[in-house]
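Shown here: start_39.cif, mmCIF, N, CA, C and O atoms.
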data_model
loop_
_atom_site.label_atom_id
_atom_site.label_comp_id
_atom_site.auth_asym_id
_atom_site.auth_seq_id
_atom_site.Cartn_x
_atom_site.Cartn_y
_atom_site.Cartn_z
N MET Q 1 -128.77 36.05 59.40
CA MET Q 1 -128.99 36.37 60.80
C MET Q 1 -127.66 36.55 61.51
O MET Q 1 -127.48 37.48 62.25
N ARG Q 2 -126.74 35.66 61.25
CA ARG Q 2 -125.44 35.72 61.91
C ARG Q 2 -124.66 36.96 61.50
O ARG Q 2 -123.98 37.57 62.32
N SER Q 3 -124.76 37.33 60.23
CA SER Q 3 -124.04 38.51 59.76
C SER Q 3 -124.61 39.78 60.39
O SER Q 3 -123.87 40.73 60.64
N PHE Q 4 -125.93 39.79 60.64
CA PHE Q 4 -126.52 40.96 61.28
C PHE Q 4 -125.99 41.13 62.70
O PHE Q 4 -125.77 42.24 63.15
N ARG Q 5 -125.77 40.03 63.39
CA ARG Q 5 -125.20 40.10 64.74
C ARG Q 5 -123.79 40.70 64.69
O ARG Q 5 -123.43 41.52 65.52
N LYS Q 6 -123.04 40.28 63.69
CA LYS Q 6 -121.67 40.78 63.53
C LYS Q 6 -121.69 42.28 63.25
O LYS Q 6 -120.95 43.05 63.87
N TYR Q 7 -122.55 42.72 62.33
CA TYR Q 7 -122.65 44.14 62.01
C TYR Q 7 -123.16 44.94 63.21
O TYR Q 7 -122.69 46.03 63.49
N HIS Q 8 -124.14 44.39 63.89
CA HIS Q 8 -124.72 45.06 65.05
C HIS Q 8 -123.66 45.25 66.14
O HIS Q 8 -123.55 46.33 66.73
N ARG Q 9 -122.90 44.22 66.41
CA ARG Q 9 -121.86 44.28 67.43
C ARG Q 9 -120.80 45.32 67.05
O ARG Q 9 -120.38 46.13 67.87
N THR Q 10 -120.38 45.31 65.79
CA THR Q 10 -119.37 46.26 65.33
C THR Q 10 -119.88 47.69 65.42
O THR Q 10 -119.17 48.58 65.91
N LEU Q 11 -121.10 47.92 64.96
CA LEU Q 11 -121.69 49.25 65.04
C LEU Q 11 -121.81 49.72 66.49
O LEU Q 11 -121.53 50.88 66.80
N ALA Q 12 -122.22 48.84 67.37
CA ALA Q 12 -122.39 49.20 68.77
C ALA Q 12 -121.06 49.61 69.40
O ALA Q 12 -120.99 50.59 70.15
N ILE Q 13 -120.00 48.90 69.06
CA ILE Q 13 -118.68 49.24 69.60
C ILE Q 13 -118.22 50.60 69.07
O ILE Q 13 -117.72 51.44 69.82
N ILE Q 14 -118.42 50.84 67.78
CA ILE Q 14 -117.99 52.10 67.16
C ILE Q 14 -118.80 53.27 67.70
O ILE Q 14 -118.27 54.35 67.96
N LEU Q 15 -120.10 53.09 67.89
CA LEU Q 15 -120.99 54.19 68.25
C LEU Q 15 -121.14 54.41 69.76
O LEU Q 15 -121.75 55.40 70.17
N ALA Q 16 -120.60 53.53 70.56
CA ALA Q 16 -120.81 53.64 72.01
C ALA Q 16 -120.34 54.99 72.56
O ALA Q 16 -121.10 55.67 73.25
N LEU Q 17 -119.14 55.39 72.26
CA LEU Q 17 -118.62 56.64 72.82
C LEU Q 17 -119.33 57.88 72.27
O LEU Q 17 -119.78 58.72 73.06
N PRO Q 18 -119.48 58.02 70.95
CA PRO Q 18 -120.18 59.23 70.46
C PRO Q 18 -121.63 59.33 70.96
O PRO Q 18 -122.08 60.43 71.31
N LEU Q 19 -122.33 58.22 71.00
CA LEU Q 19 -123.71 58.27 71.48
C LEU Q 19 -123.78 58.56 72.98
O LEU Q 19 -124.68 59.27 73.45
N PHE Q 20 -122.83 58.03 73.73
CA PHE Q 20 -122.79 58.29 75.17
C PHE Q 20 -122.51 59.77 75.43
O PHE Q 20 -123.15 60.39 76.29
N VAL Q 21 -121.59 60.36 74.68
CA VAL Q 21 -121.28 61.78 74.81
C VAL Q 21 -122.51 62.62 74.45
O VAL Q 21 -122.86 63.57 75.15
N THR Q 22 -123.17 62.26 73.36
CA THR Q 22 -124.37 62.98 72.93
C THR Q 22 -125.46 62.89 73.99
O THR Q 22 -126.12 63.88 74.31
N LEU Q 23 -125.64 61.72 74.54
CA LEU Q 23 -126.65 61.50 75.58
C LEU Q 23 -126.35 62.33 76.82
O LEU Q 23 -127.22 63.07 77.31
N LEU Q 24 -125.14 62.24 77.33
CA LEU Q 24 -124.78 62.95 78.56
C LEU Q 24 -124.84 64.46 78.39
O LEU Q 24 -125.36 65.16 79.26
N THR Q 25 -124.30 64.97 77.29
CA THR Q 25 -124.30 66.42 77.10
C THR Q 25 -125.71 66.94 76.84
O THR Q 25 -126.03 68.05 77.26
N GLY Q 26 -126.55 66.17 76.19
CA GLY Q 26 -127.94 66.58 75.98
C GLY Q 26 -128.70 66.67 77.28
O GLY Q 26 -129.43 67.64 77.53
N ILE Q 27 -128.53 65.68 78.14
CA ILE Q 27 -129.19 65.69 79.44
C ILE Q 27 -128.65 66.83 80.30
O ILE Q 27 -129.41 67.58 80.92
N ALA Q 28 -127.32 66.98 80.33
CA ALA Q 28 -126.71 68.03 81.15
C ALA Q 28 -127.12 69.42 80.67
O ALA Q 28 -127.40 70.31 81.49
N ALA Q 29 -127.15 69.64 79.36
CA ALA Q 29 -127.55 70.94 78.82
C ALA Q 29 -129.00 71.26 79.19
O ALA Q 29 -129.33 72.41 79.49
N THR Q 30 -129.84 70.27 79.17
CA THR Q 30 -131.24 70.46 79.57
C THR Q 30 -131.34 70.79 81.05
O THR Q 30 -132.09 71.69 81.44
N LEU Q 31 -130.58 70.09 81.87
CA LEU Q 31 -130.60 70.37 83.31
C LEU Q 31 -130.13 71.79 83.60
O LEU Q 31 -130.72 72.49 84.41
N VAL Q 32 -129.06 72.21 82.93
CA VAL Q 32 -128.52 73.55 83.16
C VAL Q 32 -129.45 74.62 82.61
O VAL Q 32 -129.72 75.63 83.26
N GLY Q 33 -129.97 74.42 81.40
CA GLY Q 33 -130.78 75.44 80.75
C GLY Q 33 -132.20 75.53 81.22
O GLY Q 33 -132.71 76.62 81.49
N GLU Q 34 -132.86 74.41 81.33
CA GLU Q 34 -134.30 74.40 81.64
C GLU Q 34 -134.59 74.31 83.14
O GLU Q 34 -135.59 74.82 83.60
N TRP Q 35 -133.73 73.63 83.87
CA TRP Q 35 -133.98 73.41 85.29
C TRP Q 35 -133.08 74.24 86.18
O TRP Q 35 -133.09 74.10 87.39
N SER Q 36 -132.23 75.07 85.57
CA SER Q 36 -131.30 75.95 86.29
C SER Q 36 -130.40 75.20 87.27
O SER Q 36 -130.08 75.71 88.34
N ALA Q 37 -130.01 74.00 86.90
CA ALA Q 37 -129.09 73.23 87.73
C ALA Q 37 -127.68 73.78 87.53
O ALA Q 37 -127.29 74.15 86.43
N ASN Q 38 -126.92 73.83 88.61
CA ASN Q 38 -125.54 74.32 88.53
C ASN Q 38 -124.61 73.11 88.51
O ASN Q 38 -124.32 72.52 89.55
N LEU Q 39 -124.14 72.75 87.33
CA LEU Q 39 -123.22 71.61 87.19
C LEU Q 39 -121.77 72.07 87.11
O LEU Q 39 -120.88 71.24 86.99
N GLY Q 40 -121.55 73.36 87.13
CA GLY Q 40 -120.19 73.88 87.05
C GLY Q 40 -119.65 73.96 85.63
O GLY Q 40 -118.48 74.22 85.42
N VAL Q 41 -120.51 73.69 84.67
CA VAL Q 41 -120.12 73.73 83.26
C VAL Q 41 -121.14 74.61 82.54
O VAL Q 41 -122.34 74.41 82.69
N PRO Q 42 -120.67 75.57 81.75
CA PRO Q 42 -121.64 76.42 81.04
C PRO Q 42 -122.42 75.63 79.99
O PRO Q 42 -121.92 74.70 79.37
N ARG Q 43 -123.67 76.04 79.82
CA ARG Q 43 -124.55 75.37 78.86
C ARG Q 43 -123.99 75.47 77.45
O ARG Q 43 -124.11 74.53 76.66
N SER Q 44 -123.37 76.58 77.12
CA SER Q 44 -122.82 76.77 75.77
C SER Q 44 -121.73 75.73 75.48
O SER Q 44 -121.64 75.23 74.35
N LEU Q 45 -120.91 75.40 76.48
CA LEU Q 45 -119.88 74.37 76.28
C LEU Q 45 -120.52 73.00 76.09
O LEU Q 45 -120.12 72.23 75.22
N LEU Q 46 -121.54 72.70 76.89
CA LEU Q 46 -122.24 71.42 76.76
C LEU Q 46 -122.86 71.27 75.38
O LEU Q 46 -122.76 70.21 74.75
N LEU Q 47 -123.50 72.34 74.91
CA LEU Q 47 -124.12 72.28 73.58
C LEU Q 47 -123.07 72.20 72.48
O LEU Q 47 -123.30 71.56 71.45
N SER Q 48 -121.93 72.83 72.69
CA SER Q 48 -120.85 72.76 71.72
C SER Q 48 -120.34 71.33 71.58
O SER Q 48 -120.08 70.84 70.47
N ILE Q 49 -120.21 70.65 72.69
CA ILE Q 49 -119.81 69.24 72.67
C ILE Q 49 -120.92 68.39 72.06
O ILE Q 49 -120.68 67.51 71.24
N HIS Q 50 -122.16 68.66 72.48
CA HIS Q 50 -123.32 67.90 72.02
C HIS Q 50 -123.47 67.92 70.50
O HIS Q 50 -123.80 66.91 69.89
N ARG Q 51 -123.24 69.07 69.90
CA ARG Q 51 -123.38 69.22 68.45
C ARG Q 51 -122.12 68.84 67.68
O ARG Q 51 -122.12 68.84 66.45
N GLY Q 52 -121.02 68.58 68.38
CA GLY Q 52 -119.77 68.24 67.72
C GLY Q 52 -118.95 69.45 67.32
O GLY Q 52 -117.93 69.32 66.66
N GLU Q 53 -119.39 70.63 67.72
CA GLU Q 53 -118.68 71.86 67.35
C GLU Q 53 -117.29 71.93 67.96
O GLU Q 53 -116.37 72.46 67.35
N ILE Q 54 -117.14 71.42 69.16
CA ILE Q 54 -115.85 71.49 69.84
C ILE Q 54 -114.79 70.67 69.10
O ILE Q 54 -113.60 70.95 69.20
N PHE Q 55 -115.23 69.68 68.35
CA PHE Q 55 -114.31 68.84 67.56
C PHE Q 55 -114.27 69.28 66.10
O PHE Q 55 -113.69 68.60 65.27
N ASN Q 56 -114.96 70.39 65.79
CA ASN Q 56 -115.09 70.91 64.43
C ASN Q 56 -115.75 69.89 63.49
O ASN Q 56 -115.39 69.75 62.33
N LEU Q 57 -116.71 69.16 64.03
CA LEU Q 57 -117.45 68.14 63.26
C LEU Q 57 -118.94 68.46 63.18
O LEU Q 57 -119.75 67.57 62.93
N GLN Q 58 -119.30 69.72 63.41
CA GLN Q 58 -120.72 70.08 63.50
C GLN Q 58 -121.51 69.74 62.24
O GLN Q 58 -122.70 69.50 62.31
N GLY Q 59 -120.87 69.68 61.10
CA GLY Q 59 -121.59 69.38 59.87
C GLY Q 59 -121.89 67.91 59.69
O GLY Q 59 -122.85 67.54 59.00
N ILE Q 60 -121.10 67.04 60.30
CA ILE Q 60 -121.26 65.61 60.03
C ILE Q 60 -121.57 64.79 61.28
O ILE Q 60 -122.14 63.70 61.18
N TYR Q 61 -121.25 65.29 62.47
CA TYR Q 61 -121.44 64.54 63.71
C TYR Q 61 -122.89 64.09 63.92
O TYR Q 61 -123.14 62.91 64.18
N PRO Q 62 -123.87 64.99 63.78
CA PRO Q 62 -125.27 64.55 63.96
C PRO Q 62 -125.71 63.56 62.89
O PRO Q 62 -126.47 62.63 63.18
N ILE Q 63 -125.22 63.74 61.68
CA ILE Q 63 -125.59 62.82 60.59
C ILE Q 63 -125.02 61.44 60.86
O ILE Q 63 -125.71 60.43 60.70
N LEU Q 64 -123.76 61.37 61.28
CA LEU Q 64 -123.16 60.07 61.59
C LEU Q 64 -123.86 59.40 62.76
O LEU Q 64 -124.08 58.18 62.74
N ASN Q 65 -124.20 60.18 63.79
CA ASN Q 65 -124.95 59.61 64.92
C ASN Q 65 -126.29 59.04 64.44
O ASN Q 65 -126.69 57.94 64.84
N GLY Q 66 -126.98 59.79 63.60
CA GLY Q 66 -128.29 59.35 63.09
C GLY Q 66 -128.18 58.11 62.22
O GLY Q 66 -128.96 57.16 62.37
N ILE Q 67 -127.22 58.10 61.31
CA ILE Q 67 -127.04 56.93 60.44
C ILE Q 67 -126.63 55.72 61.26
O ILE Q 67 -127.10 54.61 61.02
N GLY Q 68 -125.77 55.95 62.25
CA GLY Q 68 -125.36 54.84 63.12
C GLY Q 68 -126.52 54.27 63.90
O GLY Q 68 -126.67 53.04 64.01
N LEU Q 69 -127.36 55.14 64.45
CA LEU Q 69 -128.54 54.66 65.18
C LEU Q 69 -129.50 53.92 64.27
O LEU Q 69 -130.10 52.91 64.65
N LEU Q 70 -129.66 54.43 63.05
CA LEU Q 70 -130.51 53.75 62.08
C LEU Q 70 -129.96 52.36 61.77
O LEU Q 70 -130.71 51.38 61.70
N GLY Q 71 -128.66 52.26 61.62
CA GLY Q 71 -128.03 50.96 61.38
C GLY Q 71 -128.24 50.01 62.54
O GLY Q 71 -128.54 48.83 62.34
N LEU Q 72 -128.11 50.51 63.76
CA LEU Q 72 -128.35 49.66 64.93
C LEU Q 72 -129.81 49.22 64.99
O LEU Q 72 -130.11 48.08 65.35
N LEU Q 73 -130.71 50.13 64.64
CA LEU Q 73 -132.13 49.79 64.64
C LEU Q 73 -132.44 48.70 63.62
O LEU Q 73 -133.12 47.72 63.92
N VAL Q 74 -131.93 48.86 62.41
CA VAL Q 74 -132.20 47.89 61.35
C VAL Q 74 -131.60 46.53 61.69
O VAL Q 74 -132.27 45.50 61.59
N THR Q 75 -130.34 46.51 62.11
CA THR Q 75 -129.72 45.22 62.44
C THR Q 75 -130.36 44.60 63.67
O THR Q 75 -130.53 43.39 63.73
N GLY Q 76 -130.73 45.43 64.65
CA GLY Q 76 -131.38 44.90 65.85
C GLY Q 76 -132.74 44.31 65.55
O GLY Q 76 -133.08 43.22 66.01
N LEU Q 77 -133.54 45.03 64.75
CA LEU Q 77 -134.86 44.51 64.40
C LEU Q 77 -134.77 43.26 63.52
O LEU Q 77 -135.60 42.36 63.62
N SER Q 78 -133.75 43.22 62.66
CA SER Q 78 -133.61 42.05 61.79
C SER Q 78 -133.27 40.80 62.58
O SER Q 78 -133.53 39.69 62.12
N MET Q 79 -132.69 40.97 63.75
CA MET Q 79 -132.35 39.80 64.57
C MET Q 79 -133.53 39.28 65.36
O MET Q 79 -133.49 38.18 65.88
N THR Q 80 -134.59 40.07 65.45
CA THR Q 80 -135.78 39.60 66.15
C THR Q 80 -136.59 38.74 65.18
O THR Q 80 -136.35 38.73 63.98
N SER Q 81 -137.58 38.10 65.69
CA SER Q 81 -138.43 37.30 64.82
C SER Q 81 -139.68 38.07 64.40
O SER Q 81 -140.62 37.49 63.89
N LEU Q 82 -139.68 39.37 64.62
CA LEU Q 82 -140.85 40.18 64.26
C LEU Q 82 -141.13 40.17 62.77
O LEU Q 82 -142.27 40.18 62.35
N PHE Q 83 -140.06 40.21 61.97
CA PHE Q 83 -140.22 40.31 60.53
C PHE Q 83 -139.80 39.04 59.81
O PHE Q 83 -139.55 39.05 58.62
N GLY Q 84 -139.76 37.95 60.53
CA GLY Q 84 -139.36 36.68 59.92
C GLY Q 84 -140.47 36.09 59.08
O GLY Q 84 -141.63 36.49 59.16
N ARG Q 85 -140.10 35.17 58.28
CA ARG Q 85 -141.10 34.50 57.44
C ARG Q 85 -141.96 33.62 58.31
O ARG Q 85 -141.50 32.95 59.22
N LYS Q 86 -143.23 33.64 58.00
CA LYS Q 86 -144.15 32.77 58.74
C LYS Q 86 -144.06 31.37 58.19
O LYS Q 86 -144.06 31.15 56.99
N LYS Q 87 -143.97 30.43 59.10
CA LYS Q 87 -143.87 29.03 58.68
C LYS Q 87 -145.27 28.52 58.33
O LYS Q 87 -146.22 28.74 59.05
N SER Q 88 -145.32 27.89 57.20
CA SER Q 88 -146.63 27.34 56.80
C SER Q 88 -146.84 26.00 57.50
O SER Q 88 -145.91 25.23 57.71
N LYS Q 89 -148.08 25.77 57.86
CA LYS Q 89 -148.42 24.53 58.52
C LYS Q 89 -148.56 23.44 57.45
O LYS Q 89 -149.31 23.59 56.50
N SER Q 90 -147.82 22.40 57.62
CA SER Q 90 -147.94 21.30 56.67
C SER Q 90 -149.07 20.37 57.12
O SER Q 90 -149.19 20.04 58.26
N GLN Q 91 -149.90 20.00 56.15
CA GLN Q 91 -151.06 19.18 56.48
C GLN Q 91 -150.90 17.79 55.96
O GLN Q 91 -150.38 17.43 55.04
#
Can the structure from this file be put into structure tokens for me?
Amino acid sequence: MRSFRKYHRTLAIILALPLFVTLLTGIAATLVGEWSANLGVPRSLLLSIHRGEIFNLQGIYPILNGIGLLGLLVTGLSMTSLFGRKKSKSQ
């Protein structure tokens, strides 16, 4: 349990910036494209950042984000008591 907290904390620190960028650019691209909001930034630039193309990481950026989120999900769920062993009642 303690090691999962350590891994979860480390993963969260590493993934905070990439996930935040993905979140913001995804929302902004939707606002510009679907709702015709004028944010002063072209949708193509937002999508380029969102996909990691602007950093030339388009092949691995989404995969790393997905694997990182999966890791956070697994470590987060393991820290809950949802999947813990049921204690047997001693009679």
* Who sits within 10 Å of Thr75 of chain Q, only C-alpha atoms, same chain under 2 positions skipped, as an MDAnalysis selection string -> chainID Q and resid 1 3:9 11 69:73 77:80
For segment 73-77 of chain Q, what centre and edge lengths in Å (one decimal) does the axis-aligned box get once 5 Å is added on each side of all its listed atoms, as lines of an AutoDock Vina configuration file?
center_x = -132.7
center_y = 46.2
center_z = 63.7
size_x = 15.9
size_y = 17.8
size_z = 14.7
* Name every residue that the PyMOL selection byres ((chain Q and resi 20-26) around 7) selects in this structure, writing the answer as a list in words with chains first and numbers rising. => Leu15, Ala16, Leu17, Pro18, Leu19, Ile27, Ala28, Ala29, Thr30, Leu31, Arg43, Leu46, Leu47, Ile49, His50 and Arg51 of chain Q
* Structure fact -> Correct to one decimal, the distance atom C of Asn65 of chain Q-atom O of Pro42 of chain Q is 22.1 Å
* Coordinates-based distance that separates atom N of Gly33 of chain Q from atom O of Pro62 of chain Q (Å, one decimal) -> 22.0 Å
* **Of the listed residues Q:Leu82, Q:Gly68, Q:Gly52, Q:Val74, that which approaches Ala12 of chain Q most closely, counting only N, CA, C and O atoms** =>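 Closest residue, counting only N, CA, C and O atoms: Q:Gly68.
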* Just give me the gap between atom CA of Ile63 of chain Q and atom CA of Glu34 of chain Q in Å, one decimal is fine. => 25.6 Å
With all heavy atoms as the goal, would you fill in the gaps in segment 24-35 of chain Q and present it as an mmCIF file, in the coordinates of the input?
data_model
loop_
_atom_site.group_PDB
_atom_site.id
_atom_site.type_symbol
_atom_site.label_atom_id
_atom_site.label_comp_id
_atom_site.auth_asym_id
_atom_site.auth_seq_id
_atom_site.Cartn_x
_atom_site.Cartn_y
_atom_site.Cartn_z
ATOM 1 N N LEU Q 24 -125.140 62.240 77.330
ATOM 2 C CA LEU Q 24 -124.780 62.950 78.560
ATOM 3 C C LEU Q 24 -124.840 64.460 78.390
ATOM 4 O O LEU Q 24 -125.360 65.160 79.260
ATOM 5 C CB LEU Q 24 -123.389 62.537 79.032
ATOM 6 C CG LEU Q 24 -123.280 61.196 79.721
ATOM 7 C CD1 LEU Q 24 -121.848 60.941 80.168
ATOM 8 C CD2 LEU Q 24 -124.209 61.115 80.913
ATOM 9 N N THR Q 25 -124.300 64.970 77.290
ATOM 10 C CA THR Q 25 -124.300 66.420 77.100
ATOM 11 C C THR Q 25 -125.710 66.940 76.840
ATOM 12 O O THR Q 25 -126.030 68.050 77.260
ATOM 13 C CB THR Q 25 -123.358 66.835 75.966
ATOM 14 O OG1 THR Q 25 -123.712 66.136 74.761
ATOM 15 C CG2 THR Q 25 -121.911 66.556 76.322
ATOM 16 N N GLY Q 26 -126.550 66.170 76.190
ATOM 17 C CA GLY Q 26 -127.940 66.580 75.980
ATOM 18 C C GLY Q 26 -128.700 66.670 77.280
ATOM 19 O O GLY Q 26 -129.430 67.640 77.530
ATOM 20 N N ILE Q 27 -128.530 65.680 78.140
ATOM 21 C CA ILE Q 27 -129.190 65.690 79.440
ATOM 22 C C ILE Q 27 -128.650 66.830 80.300
ATOM 23 O O ILE Q 27 -129.410 67.580 80.920
ATOM 24 C CB ILE Q 27 -129.014 64.334 80.164
ATOM 25 C CG1 ILE Q 27 -129.809 63.252 79.442
ATOM 26 C CG2 ILE Q 27 -129.434 64.437 81.623
ATOM 27 C CD1 ILE Q 27 -129.532 61.853 79.952
ATOM 28 N N ALA Q 28 -127.320 66.980 80.330
ATOM 29 C CA ALA Q 28 -126.710 68.030 81.150
ATOM 30 C C ALA Q 28 -127.120 69.420 80.670
ATOM 31 O O ALA Q 28 -127.400 70.310 81.490
ATOM 32 C CB ALA Q 28 -125.189 67.877 81.138
ATOM 33 N N ALA Q 29 -127.150 69.640 79.360
ATOM 34 C CA ALA Q 29 -127.550 70.940 78.820
ATOM 35 C C ALA Q 29 -129.000 71.260 79.190
ATOM 36 O O ALA Q 29 -129.330 72.410 79.490
ATOM 37 C CB ALA Q 29 -127.357 70.980 77.310
ATOM 38 N N THR Q 30 -129.840 70.270 79.170
ATOM 39 C CA THR Q 30 -131.240 70.460 79.570
ATOM 40 C C THR Q 30 -131.340 70.790 81.050
ATOM 41 O O THR Q 30 -132.090 71.690 81.440
ATOM 42 C CB THR Q 30 -132.075 69.211 79.245
ATOM 43 O OG1 THR Q 30 -131.998 68.967 77.841
ATOM 44 C CG2 THR Q 30 -133.528 69.399 79.649
ATOM 45 N N LEU Q 31 -130.580 70.090 81.870
ATOM 46 C CA LEU Q 31 -130.600 70.370 83.310
ATOM 47 C C LEU Q 31 -130.130 71.790 83.600
ATOM 48 O O LEU Q 31 -130.720 72.490 84.410
ATOM 49 C CB LEU Q 31 -129.706 69.371 84.059
ATOM 50 C CG LEU Q 31 -130.226 67.949 84.184
ATOM 51 C CD1 LEU Q 31 -129.175 67.053 84.826
ATOM 52 C CD2 LEU Q 31 -131.504 67.921 84.999
ATOM 53 N N VAL Q 32 -129.060 72.210 82.930
ATOM 54 C CA VAL Q 32 -128.520 73.550 83.160
ATOM 55 C C VAL Q 32 -129.450 74.620 82.610
ATOM 56 O O VAL Q 32 -129.720 75.630 83.260
ATOM 57 C CB VAL Q 32 -127.103 73.674 82.536
ATOM 58 C CG1 VAL Q 32 -126.629 75.116 82.531
ATOM 59 C CG2 VAL Q 32 -126.117 72.796 83.279
ATOM 60 N N GLY Q 33 -129.970 74.420 81.400
ATOM 61 C CA GLY Q 33 -130.780 75.440 80.750
ATOM 62 C C GLY Q 33 -132.200 75.530 81.220
ATOM 63 O O GLY Q 33 -132.710 76.620 81.490
ATOM 64 N N GLU Q 34 -132.860 74.410 81.330
ATOM 65 C CA GLU Q 34 -134.300 74.400 81.640
ATOM 66 C C GLU Q 34 -134.590 74.310 83.140
ATOM 67 O O GLU Q 34 -135.590 74.820 83.600
ATOM 68 C CB GLU Q 34 -134.986 73.242 80.920
ATOM 69 C CG GLU Q 34 -134.831 73.266 79.410
ATOM 70 C CD GLU Q 34 -135.456 74.496 78.771
ATOM 71 O OE1 GLU Q 34 -136.516 74.945 79.250
ATOM 72 O OE2 GLU Q 34 -134.862 75.005 77.802
ATOM 73 N N TRP Q 35 -133.730 73.630 83.870
ATOM 74 C CA TRP Q 35 -133.980 73.410 85.290
ATOM 75 C C TRP Q 35 -133.080 74.240 86.180
ATOM 76 O O TRP Q 35 -133.090 74.100 87.390
ATOM 77 C CB TRP Q 35 -133.834 71.934 85.639
ATOM 78 C CG TRP Q 35 -134.849 71.048 84.989
ATOM 79 C CD1 TRP Q 35 -135.722 71.368 83.999
ATOM 80 C CD2 TRP Q 35 -135.086 69.692 85.316
ATOM 81 N NE1 TRP Q 35 -136.486 70.281 83.670
ATOM 82 C CE2 TRP Q 35 -136.117 69.229 84.463
ATOM 83 C CE3 TRP Q 35 -134.537 68.809 86.224
ATOM 84 C CZ2 TRP Q 35 -136.608 67.936 84.504
ATOM 85 C CZ3 TRP Q 35 -135.020 67.518 86.264
ATOM 86 C CH2 TRP Q 35 -136.050 67.096 85.421
#
